[in-house]
Amino acid sequence: DHVQECVDASAYEAVANIGNYGGYYVLPGSSYTDSNSGVNIPYYMYDGNNLMISKSFMEAQIGVYTEYVLTSCLNLEQFAEYTISTGAIDVSSIVNNNSVDIIVNYPITVVAGENSYNLGEDYLTSVDANLGWVYDIARSIVDAHLDTPDEFSYTLLESFGLSSIVVTPIDDGSLIYVLTDRTSFNGEQPLTYMFAEHYILGEAVECVEDLDCDENYNCINGVCKEVKEWKRLYYF
């Protein structure tokens, strides 16, 4: 079935890539942009405000993403011996802890000679991805930092049991999170989930040497900057 094959492939592509953009297909205005790569990552927390995408909106975004890919995949013109008419495509999704279910409604009418057939059933597919689980981990991280913005706990990150968590600090006060689960997609490819947080920076203190700065601060390029030990985290 050509339509079902396209539904399966389109849903897989959407689910496999949606986490790279924090659950968005169309990114919000409040996003971090890497000046070198041009990569955009949505802020989930900005100066103490919770901007995290809701699960229901992420489900809607997966639907939009799937529909876009599906439209490019479908090629009903190859069945030239039939007269085919179609209705509007409607895609919905349900994000579970260990799978993402996609439902596509795509009315098709096929005329073959004097006979007409209405193919009005839904096309269903399920993608083996732990997207709901990873989303809940991201939410737990954001909630913890909203409650205690001055604390950063590696113990908390380790407790989630993800394959990999990478935290990268940016000079503008942003933190970039990359969560990786290597058990999704039947282990054939990792599920990556990215988001950013932004913290209010204190007033810059000029310096000449480290002695001009407070404890846990170093003099870097004439400005006192806090010294934090960031590291790459792997959990198997």
# chains A, B, ... in the order shown; residues from 1 in each chain; ligands from 1
>>> residues_around(residues="Glu206 of chain A", least_positions_apart="2", cutoff="8 Å", atoms="only C-alpha atoms", output="ChimeraX atom specification")
/A:204,208,222-224
>>> write_last_selection(atoms="C-alpha atoms", output="PDB file, in the first residue's frame")
ATOM      1  CA  ALA A 204      30.289  42.395  34.944  1.00  0.00           C
ATOM      2  CA  VAL A 208      43.395  42.560  35.718  1.00  0.00           C
ATOM      3  CA  GLY A 222      39.386  41.564  31.681  1.00  0.00           C
ATOM      4  CA  VAL A 223      36.108  40.395  33.265  1.00  0.00           C
ATOM      5  CA  CYS A 224      35.506  38.215  36.330  1.00  0.00           C
TER       6      CYS A 224
END
>>> residues_around(residues="segment 6-10 of chain A", least_positions_apart="6", cutoff="10 Å", atoms="only C-alpha atoms", output="MDAnalysis selection string")
chainID A and resid 16 65:75 91 102:104 123:127
>>> closest_atom_pairs(of="segment 89-134 of chain A", to="segment 169-192 of chain A", cutoff="6 Å", atoms="only C-alpha atoms", output="CSV")
residue,atom,partner,partner_atom,distance
A:Asp128,CA,A:Phe185,CA,5.0
A:Ala129,CA,A:Ser184,CA,4.5
A:Asn130,CA,A:Ser184,CA,5.7
>>> select_by_dssp(residues="chain A", states="strand (DSSP E)", output="ChimeraX atom specification")
/A:31-33,40-46,49-50,83-86,90-95,100-105,108-112,115-119,122-127,164-169,174-181,191-198,217-220,223-226,232-234
>>> atom_distance(atom1="atom CA of Ile108 of chain A", atom2="atom CA of Ile89 of chain A")
10.0 Å
>>> residues_around(residues="Ile62 of chain A", least_positions_apart="3", cutoff="10 Å", atoms="only C-alpha atoms", output="ChimeraX atom specification")
/A:11,13-15,17-18,23-25,56-59,65-68,91-95,100,102
>>> closest_residue(among="A:Asn97, A:Gly87, A:Leu131, A:Tyr44", to="Asn118 of chain A", atoms="only C-alpha atoms")
A:Gly87
